[in-house]
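S.K.: One structure, as C-alpha cells, below. Some questions next.
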Amino acid sequence: MRMLINVPETVVADALRGFAAAYPDLTVDVENRVIVRRDSPVAGQVALVSGGGSGHEPLHGGFVGPGMLSAACPGEVFTSPVPDQMARAAAAVDSGAGVLFVVKNYTGDVLNFDMAAELAEDEGIQVAKVLVDDDVAVTDSLYTAGRRGTGATLFVEKIAGAAAAEGLPLERVEAIGRQVNENSRSFGVALSACTTPAKGSPTFDLPDGELELGVGIHGEPGRERRPMMTSGEIADFAVDAVLTDMPPRSPVLLLVNGMGATPLLELYGFHAEVQRVLRERGVAVARTLVGNYVTSLDMAGASVTLCQADEELLRLWDAPVRTPALRWGM
C-alpha cells in the first residue's frame with residue numbers, strides 16, 4: 001500500500017507540523033499534541049475542548065477557532081488522547097468561565113476525558129461534558145458501550161461553540177450541546193476498508209462488490225453486508241435507518257459526510273438522493289453541509305447525519321465561525 005508519509009511512527013507529528021505551518025492563527029504544540037486558539041483564553045467565555053484519535057481529519061483540529069473549539073487533542077491514529085493532553089488543553093484555554101469537554105462515545109475517549117476532568121478540577125477548573133452518541137447503526141461495537149459518536153460531533157462543536165462565543169454560562173452551553181446530541185442521528189456506509197499507517201494494509205476484509213451498512217469510523221462492523229447498491233438505494237437505506245430512530249418534529253440540519261476517499265462528485269450525487277428521500281418522507285431541510293468532515297483515513301463511503309433544529313439551534317448554527325474546516329460569517 002503506497003502512502004504519502006515518512007515512517008508510520010512519526011505520521012501524527014509530521015501532520016501536526018504541517019498543520020501548524022498552514023494555520024499560524026493557531027498554536028500547535030507538536031510534542032504534547034495540543035492545538036489551541038492563539039488568542040486563548042478568551043475572557044468571559046466558556047472554552048470548548050475536544051479530541052480523539054487521529055485519522056478522522058478535519059475532526060477535531062480542523063474545528064479549532066472562533067465560534068467553535070478552543071482546543072483539540074489529537075491522539076495517535078485511531079487511539080484516544082491521554083488525560084494529560086486534555087488537562088493541559090483545559091488549562092491553556094480556561095478563562096475562569098469553565099471548560100466544556102465534547103467527547104465521542106468510545107471507551108478510551110470516555111475514560112481518558114473523565115480522568116482529565118478530575119485533573120483539571122484539582123487545578124480549580126470547572127469542567128462539564130457532552131457525550132456524543134448519535135450513530136443508530138448498532139448499540140454496542142468493538143470500541144463502544146452504547147452508541148458510537150460520529151457526525152453529530154460537528155453539530156455539537158459548532159452550535160455549543162457559538163453559544164460559548166455569545167458569553168452564555170457553562171451550564172447553558174452544556175445544555176445546548178446535550179440538546180444537539182439528543183436531536184441528532186447518523187448512519188454510515190463503507191464501500192472499502194481503511195488502511196492505518198502502522199498496518200499498511202486494509203484493517204478489515206470487505207470483498208470487491210460488497211459494502212458495509214452501518215460501518216463505524218474506525219471500520220467497526222455495522223448492521224450487515226450486501227452486494228453493491230446504487231447511490232439511491234444506499235440513500236433509501238441510510239435515511240430510513242435515521243428516521244426510524246428519530247422521526248423529525250422540526251426542520252433538520254443535514255450533513256452528508258465523506259469517509260475520506262469518496263470524491264465530491266460522488267458525494268454531491270449521493271446528497272441529491274438523500275434530499276430526494278427526505279422530500280418523499282416530508283422532512284424539511286433547513287441547512288446542508290456536504291464534504292469530508294469526519295473521516296476514516298482512506299475509507300470510501302459516506303454517512304448521513306440529521307439534527308432537528310429549533311430556532312435557537314438554527315441561529316447558533318448560522319453564527320460566525322472561523323476554523324480551518326468551517327468558515328462563514330466572519
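Ordered as shown in the C-alpha cells, chains take letters A, B, and onward, while each chain numbers its residues from 1 and ligands are numbered from 1 in the order shown.
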Find the residues around range 240-255 of chain A up to 8 Å (only C-alpha atoms counted), leave out those fewer than 6 positions away in its own chain, and share them as a CSV table (one decimal) with all heavy atoms, in the first residue's frame.
M.R.:
```
chain,number,residue,atom,x,y,z
A,136,VAL,N,-26.9,5.4,14.8
A,136,VAL,CA,-28.1,4.5,15.0
A,136,VAL,C,-27.8,3.0,14.5
A,136,VAL,O,-28.6,2.1,14.7
A,136,VAL,CB,-29.4,5.0,14.3
A,136,VAL,CG1,-29.7,6.4,14.8
A,136,VAL,CG2,-29.2,5.0,12.8
A,137,ALA,N,-26.6,2.8,13.9
A,137,ALA,CA,-26.4,1.5,13.2
A,137,ALA,C,-26.4,0.4,14.2
A,137,ALA,O,-27.1,-0.7,13.9
A,137,ALA,CB,-25.1,1.6,12.5
A,151,GLY,N,-21.0,11.7,13.2
A,151,GLY,CA,-21.1,13.0,12.6
A,151,GLY,C,-21.7,14.1,13.4
A,151,GLY,O,-21.5,15.3,13.2
A,183,ASN,N,-30.9,15.4,19.7
A,183,ASN,CA,-31.7,15.7,18.5
A,183,ASN,C,-31.0,15.2,17.2
A,183,ASN,O,-31.5,15.5,16.1
A,183,ASN,CB,-32.0,17.2,18.3
A,183,ASN,CG,-33.0,17.7,19.3
A,183,ASN,OD1,-33.6,16.9,20.1
A,183,ASN,ND2,-33.3,19.0,19.4
A,185,ARG,N,-29.0,12.1,14.7
A,185,ARG,CA,-28.8,10.7,14.4
A,185,ARG,C,-27.9,10.6,13.2
A,185,ARG,O,-28.1,11.4,12.3
A,185,ARG,CB,-30.1,10.0,14.2
A,185,ARG,CG,-31.1,10.0,15.4
A,185,ARG,CD,-30.6,9.2,16.6
A,185,ARG,NE,-31.7,9.1,17.6
A,185,ARG,CZ,-31.9,10.0,18.5
A,185,ARG,NH1,-31.1,11.1,18.6
A,185,ARG,NH2,-32.9,9.8,19.4
A,186,SER,N,-27.1,9.5,13.1
A,186,SER,CA,-26.3,9.3,12.0
A,186,SER,C,-26.3,7.8,11.5
A,186,SER,O,-26.6,6.9,12.3
A,186,SER,CB,-24.8,9.6,12.3
A,186,SER,OG,-24.7,11.0,12.6
A,187,PHE,N,-25.9,7.6,10.3
A,187,PHE,CA,-25.7,6.3,9.7
A,187,PHE,C,-24.7,6.3,8.6
A,187,PHE,O,-24.7,7.2,7.8
A,187,PHE,CB,-27.1,5.7,9.2
A,187,PHE,CG,-27.1,4.3,8.8
A,187,PHE,CD1,-27.4,3.3,9.8
A,187,PHE,CD2,-26.7,3.8,7.6
A,187,PHE,CE1,-27.4,2.0,9.5
A,187,PHE,CE2,-26.7,2.5,7.3
A,187,PHE,CZ,-27.0,1.5,8.2
A,283,VAL,N,-39.7,15.6,5.1
A,283,VAL,CA,-38.8,16.2,6.1
A,283,VAL,C,-38.2,17.5,5.5
A,283,VAL,O,-37.6,17.4,4.4
A,283,VAL,CB,-37.6,15.2,6.5
A,283,VAL,CG1,-36.6,15.9,7.4
A,283,VAL,CG2,-38.2,14.0,7.1
A,284,ALA,N,-38.3,18.6,6.1
A,284,ALA,CA,-37.8,19.9,5.6
A,284,ALA,C,-36.3,20.0,6.1
A,284,ALA,O,-36.0,19.7,7.2
A,284,ALA,CB,-38.6,21.0,6.2
A,285,VAL,N,-35.5,20.4,5.1
A,285,VAL,CA,-34.1,20.6,5.4
A,285,VAL,C,-33.8,22.1,5.5
A,285,VAL,O,-34.0,22.9,4.5
A,285,VAL,CB,-33.2,20.0,4.3
A,285,VAL,CG1,-31.7,20.2,4.5
A,285,VAL,CG2,-33.5,18.5,4.2
A,286,ALA,N,-33.3,22.5,6.7
A,286,ALA,CA,-33.0,23.9,6.9
A,286,ALA,C,-31.7,24.4,6.4
A,286,ALA,O,-31.5,25.4,5.8
A,286,ALA,CB,-33.1,24.2,8.4
A,287,ARG,N,-30.6,23.5,6.6
A,287,ARG,CA,-29.3,23.8,6.2
A,287,ARG,C,-28.6,22.5,5.8
A,287,ARG,O,-28.9,21.5,6.4
A,287,ARG,CB,-28.5,24.5,7.3
A,287,ARG,CG,-29.0,25.8,7.8
A,287,ARG,CD,-28.8,26.9,6.9
A,287,ARG,NE,-29.2,28.2,7.5
A,287,ARG,CZ,-30.5,28.6,7.5
A,287,ARG,NH1,-31.5,27.9,7.0
A,287,ARG,NH2,-30.8,29.8,8.1
A,288,THR,N,-27.6,22.6,4.9
A,288,THR,CA,-26.9,21.4,4.4
A,288,THR,C,-25.4,21.6,4.4
A,288,THR,O,-25.0,22.7,4.0
A,288,THR,CB,-27.4,21.0,3.0
A,288,THR,OG1,-28.8,20.8,3.0
A,288,THR,CG2,-26.7,19.8,2.5
A,289,LEU,N,-24.7,20.6,4.7
A,289,LEU,CA,-23.2,20.6,4.6
A,289,LEU,C,-22.8,19.3,3.9
A,289,LEU,O,-23.2,18.2,4.3
A,289,LEU,CB,-22.6,20.7,6.0
A,289,LEU,CG,-21.2,21.1,6.2
A,289,LEU,CD1,-20.9,22.5,5.6
A,289,LEU,CD2,-20.8,21.1,7.6
A,290,VAL,N,-22.0,19.4,2.9
A,290,VAL,CA,-21.6,18.3,2.1
A,290,VAL,C,-20.0,18.3,2.0
A,290,VAL,O,-19.5,19.3,1.6
A,290,VAL,CB,-22.2,18.2,0.7
A,290,VAL,CG1,-21.7,17.0,-0.1
A,290,VAL,CG2,-23.7,18.2,0.7
A,303,SER,N,-21.6,9.0,5.2
A,303,SER,CA,-22.5,9.0,6.3
A,303,SER,C,-23.5,10.1,6.1
A,303,SER,O,-23.3,11.1,5.5
A,303,SER,CB,-21.8,9.0,7.6
A,303,SER,OG,-21.1,10.2,7.8
A,304,VAL,N,-24.7,9.9,6.8
A,304,VAL,CA,-25.8,10.9,6.8
A,304,VAL,C,-26.0,11.2,8.3
A,304,VAL,O,-26.2,10.3,9.1
A,304,VAL,CB,-27.0,10.4,6.1
A,304,VAL,CG1,-28.2,11.4,6.3
A,304,VAL,CG2,-26.8,10.0,4.7
A,305,THR,N,-26.0,12.5,8.6
A,305,THR,CA,-26.4,12.9,9.9
A,305,THR,C,-27.5,14.0,9.8
A,305,THR,O,-27.4,14.9,9.0
A,305,THR,CB,-25.2,13.6,10.7
A,305,THR,OG1,-24.1,12.6,10.7
A,305,THR,CG2,-25.6,14.0,12.1
A,306,LEU,N,-28.6,13.8,10.6
A,306,LEU,CA,-29.7,14.8,10.7
A,306,LEU,C,-29.7,15.3,12.1
A,306,LEU,O,-29.5,14.5,13.1
A,306,LEU,CB,-31.0,14.1,10.4
A,306,LEU,CG,-31.2,13.5,9.0
A,306,LEU,CD1,-32.6,12.9,8.8
A,306,LEU,CD2,-30.9,14.6,7.9
A,307,CYS,N,-30.0,16.6,12.3
A,307,CYS,CA,-30.2,17.2,13.6
A,307,CYS,C,-31.4,18.0,13.5
A,307,CYS,O,-31.5,19.0,12.7
A,307,CYS,CB,-29.0,18.1,14.0
A,307,CYS,SG,-29.2,19.0,15.5
A,308,GLN,N,-32.4,17.7,14.4
A,308,GLN,CA,-33.6,18.6,14.5
A,308,GLN,C,-33.2,19.9,15.1
A,308,GLN,O,-32.6,20.0,16.2
A,308,GLN,CB,-34.6,17.9,15.4
A,308,GLN,CG,-35.1,16.6,14.9
A,308,GLN,CD,-36.2,16.0,15.8
A,308,GLN,OE1,-37.4,16.1,15.6
A,308,GLN,NE2,-35.8,15.4,16.9
A,309,ALA,N,-33.5,21.0,14.4
A,309,ALA,CA,-33.1,22.3,14.8
A,309,ALA,C,-34.2,23.2,15.0
A,309,ALA,O,-34.9,23.6,14.1
A,309,ALA,CB,-32.1,22.9,13.7
A,310,ASP,N,-34.4,23.6,16.3
A,310,ASP,CA,-35.4,24.7,16.5
A,310,ASP,C,-34.8,26.0,16.2
A,310,ASP,O,-33.6,26.1,15.7
A,310,ASP,CB,-35.9,24.7,18.0
A,310,ASP,CG,-34.7,24.8,19.0
A,310,ASP,OD1,-33.6,25.3,18.6
A,310,ASP,OD2,-34.9,24.4,20.2
```
S.K.: For the structure I just gave you, how does DSSP split range 13-251 of chain A - specifically, which residues are alpha helix (DSSP H)? Reply as a ChimeraX atom specification.
M.R.: /A:13-22,83-93,107-122,152-165,170-182,231-245
S.K.: Keeping only C-alpha atoms, take the residues you just selected and write them out as a CSV table (one decimal), in the first residue's frame.
M.R.:
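Just written: again19.csv:
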```csv
chain,number,residue,atom,x,y,z
A,13,ALA,CA,3.8,14.6,14.5
A,14,ASP,CA,4.6,15.3,10.8
A,15,ALA,CA,0.9,16.1,10.2
A,16,LEU,CA,0.8,18.5,13.2
A,17,ARG,CA,3.9,20.3,11.9
A,18,GLY,CA,2.3,20.8,8.5
A,19,PHE,CA,-1.0,21.9,10.2
A,20,ALA,CA,0.9,24.5,12.3
A,21,ALA,CA,2.6,25.9,9.2
A,22,ALA,CA,-0.8,26.1,7.4
A,83,PRO,CA,-5.6,12.6,30.1
A,84,ASP,CA,-2.5,14.8,30.4
A,85,GLN,CA,-3.2,16.2,26.9
A,86,MET,CA,-6.7,17.1,27.8
A,87,ALA,CA,-5.9,18.6,31.1
A,88,ARG,CA,-3.1,20.7,29.5
A,89,ALA,CA,-5.5,21.9,26.9
A,90,ALA,CA,-8.1,22.8,29.5
A,91,ALA,CA,-5.6,24.8,31.5
A,92,ALA,CA,-4.4,26.6,28.4
A,93,VAL,CA,-7.9,27.8,27.4
A,107,THR,CA,-14.5,3.7,25.6
A,108,GLY,CA,-10.9,5.1,25.6
A,109,ASP,CA,-12.1,8.6,24.9
A,110,VAL,CA,-14.7,8.5,27.7
A,111,LEU,CA,-12.3,7.1,30.3
A,112,ASN,CA,-9.5,9.5,29.5
A,113,PHE,CA,-11.6,12.6,29.4
A,114,ASP,CA,-13.2,11.6,32.7
A,115,MET,CA,-9.7,11.3,34.2
A,116,ALA,CA,-8.7,14.6,32.6
A,117,ALA,CA,-11.7,16.3,34.2
A,118,GLU,CA,-10.6,15.2,37.6
A,119,LEU,CA,-7.1,16.6,36.9
A,120,ALA,CA,-8.5,19.9,35.7
A,121,GLU,CA,-10.9,20.2,38.7
A,122,ASP,CA,-7.9,19.6,41.0
A,152,ALA,CA,-23.2,14.8,15.2
A,153,THR,CA,-19.9,15.7,16.9
A,154,LEU,CA,-19.6,18.5,14.3
A,155,PHE,CA,-23.0,19.8,15.1
A,156,VAL,CA,-22.3,19.8,18.8
A,157,GLU,CA,-19.0,21.6,18.5
A,158,LYS,CA,-20.3,24.2,16.1
A,159,ILE,CA,-23.5,25.0,18.0
A,160,ALA,CA,-22.1,24.8,21.5
A,161,GLY,CA,-19.1,26.8,20.3
A,162,ALA,CA,-21.5,29.6,19.1
A,163,ALA,CA,-23.3,29.6,22.4
A,164,ALA,CA,-19.9,30.0,24.2
A,165,ALA,CA,-19.0,32.8,21.9
A,170,LEU,CA,-21.2,26.8,31.3
A,171,GLU,CA,-24.4,25.2,32.4
A,172,ARG,CA,-26.3,26.7,29.4
A,173,VAL,CA,-23.6,25.8,26.9
A,174,GLU,CA,-23.6,22.2,28.2
A,175,ALA,CA,-27.4,22.0,28.0
A,176,ILE,CA,-27.3,23.2,24.4
A,177,GLY,CA,-24.6,20.7,23.5
A,178,ARG,CA,-26.7,17.9,25.0
A,179,GLN,CA,-29.8,19.1,23.2
A,180,VAL,CA,-27.9,18.9,19.9
A,181,ASN,CA,-26.7,15.4,20.6
A,182,GLU,CA,-30.2,14.2,21.7
A,231,SER,CA,-26.4,5.7,-4.6
A,232,GLY,CA,-30.2,6.0,-4.5
A,233,GLU,CA,-30.6,2.6,-2.8
A,234,ILE,CA,-27.9,3.5,-0.2
A,235,ALA,CA,-29.7,6.8,0.5
A,236,ASP,CA,-33.0,5.0,1.0
A,237,PHE,CA,-31.4,2.6,3.5
A,238,ALA,CA,-29.4,5.2,5.4
A,239,VAL,CA,-32.1,7.8,5.7
A,240,ASP,CA,-34.7,5.2,6.6
A,241,ALA,CA,-32.4,4.0,9.4
A,242,VAL,CA,-32.1,7.5,10.8
A,243,LEU,CA,-35.8,8.5,10.5
A,244,THR,CA,-37.0,5.2,12.0
A,245,ASP,CA,-35.0,6.0,15.1
```
S.K.: Using only C-alpha atoms, which of A:Val12, A:Ala198, A:Val64, A:Leu100 sits nearest Pro81 in chain A?
M.R.: A:Val12
S.K.: Give me, as a PyMOL selection string, the residues of range 114-316 of chain A that a backbone DSSP run labels strand (DSSP E).
M.R.: chain A and resi 127-132+184-190+210-213+224-227+252-258+285-291+301-308
S.K.: Expressed in Å to a single decimal, how great is the separation between CA of Leu211 in chain A and CA of Met228 in chain A?
M.R.: 5.7 Å
S.K.: Please indicate the distance in Å from CA of Cys73 in chain A to CA of Glu57 in chain A, rounded to one decimal place.
M.R.: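 Rounded to one decimal, the two atoms are 12.3 Å apart.
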S.K.: Skipping near chain neighbours, those fewer than 4 positions away, what residues fall within 9 Å of Gly62 in chain A using only C-alpha atoms, listed as a PyMOL selection string?
M.R.: chain A and resi 19+57-58+72+293+323-326
S.K.: Tell me which protein, DNA and RNA residues are within 6 Å of Met299 in chain A, counting only C-alpha atoms, leaving out same-chain ones fewer than 5 positions away, and put them as a list in words.
M.R.: Ser192, Ala193, Cys194, Met259, Gly260 and Ala261 of chain A
S.K.: Out of A:Asp140, A:Ala47, A:Arg223, A:Arg38, which residue has the shortest atom-to-atom distance to Tyr23 in chain A when counting only C-alpha atoms?
M.R.: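 When distances to Tyr23 in chain A are compared using only C-alpha atoms, the smallest one comes from A:Arg38.
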S.K.: As a PyMOL selection string, please: the residues near Glu224 in chain A (cut-off 9 Å, only C-alpha atoms, same-chain neighbours under 6 positions excluded).
M.R.: chain A and resi 211-215
S.K.: Take the residues just selected and output them with N, CA, C and O atoms as a short mmCIF file (atom, residue, chain, number, x, y, z; two decimals), in the first residue's frame.
M.R.:
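Result went into again-v5.cif, see below:
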```
data_model
loop_
_atom_site.label_atom_id
_atom_site.label_comp_id
_atom_site.auth_asym_id
_atom_site.auth_seq_id
_atom_site.Cartn_x
_atom_site.Cartn_y
_atom_site.Cartn_z
N LEU A 211 -20.59 -3.97 0.26
CA LEU A 211 -20.50 -2.78 1.09
C LEU A 211 -20.94 -3.13 2.51
O LEU A 211 -21.62 -4.13 2.74
N GLU A 212 -20.53 -2.29 3.46
CA GLU A 212 -20.87 -2.48 4.87
C GLU A 212 -21.87 -1.39 5.26
O GLU A 212 -21.54 -0.20 5.24
N LEU A 213 -23.08 -1.79 5.62
CA LEU A 213 -24.11 -0.85 6.02
C LEU A 213 -24.05 -0.64 7.52
O LEU A 213 -24.19 -1.59 8.30
N GLY A 214 -23.80 0.62 7.92
CA GLY A 214 -23.72 0.93 9.34
C GLY A 214 -22.32 0.88 9.90
O GLY A 214 -22.14 0.71 11.10
N VAL A 215 -21.32 1.04 9.06
CA VAL A 215 -19.92 0.97 9.49
C VAL A 215 -19.60 2.07 10.50
O VAL A 215 -20.20 3.14 10.50
#
```
S.K.: Rank nothing, just name the residue among A:Glu210, A:Glu123, A:Glu220, A:Glu166 nearest to Asp135 in chain A, using only C-alpha atoms.
M.R.: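 Residue with the minimum atom-to-atom distance to Asp135 in chain A: A:Glu220.
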S.K.: Kindly give the distance, in Å, that separates CA of Val256 in chain A and CA of Asp208 in chain A, rounded to a single decimal.
M.R.: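 Separation of CA of Val256 in chain A and CA of Asp208 in chain A: 23.9 Å.
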S.K.: Could you tell me which of A:Pro66, A:Pro227, A:Gly301, A:Gly167 comes closest to Leu26 in chain A if we count only C-alpha atoms?
M.R.: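 Closest to Leu26 in chain A of all the choices is A:Pro66.
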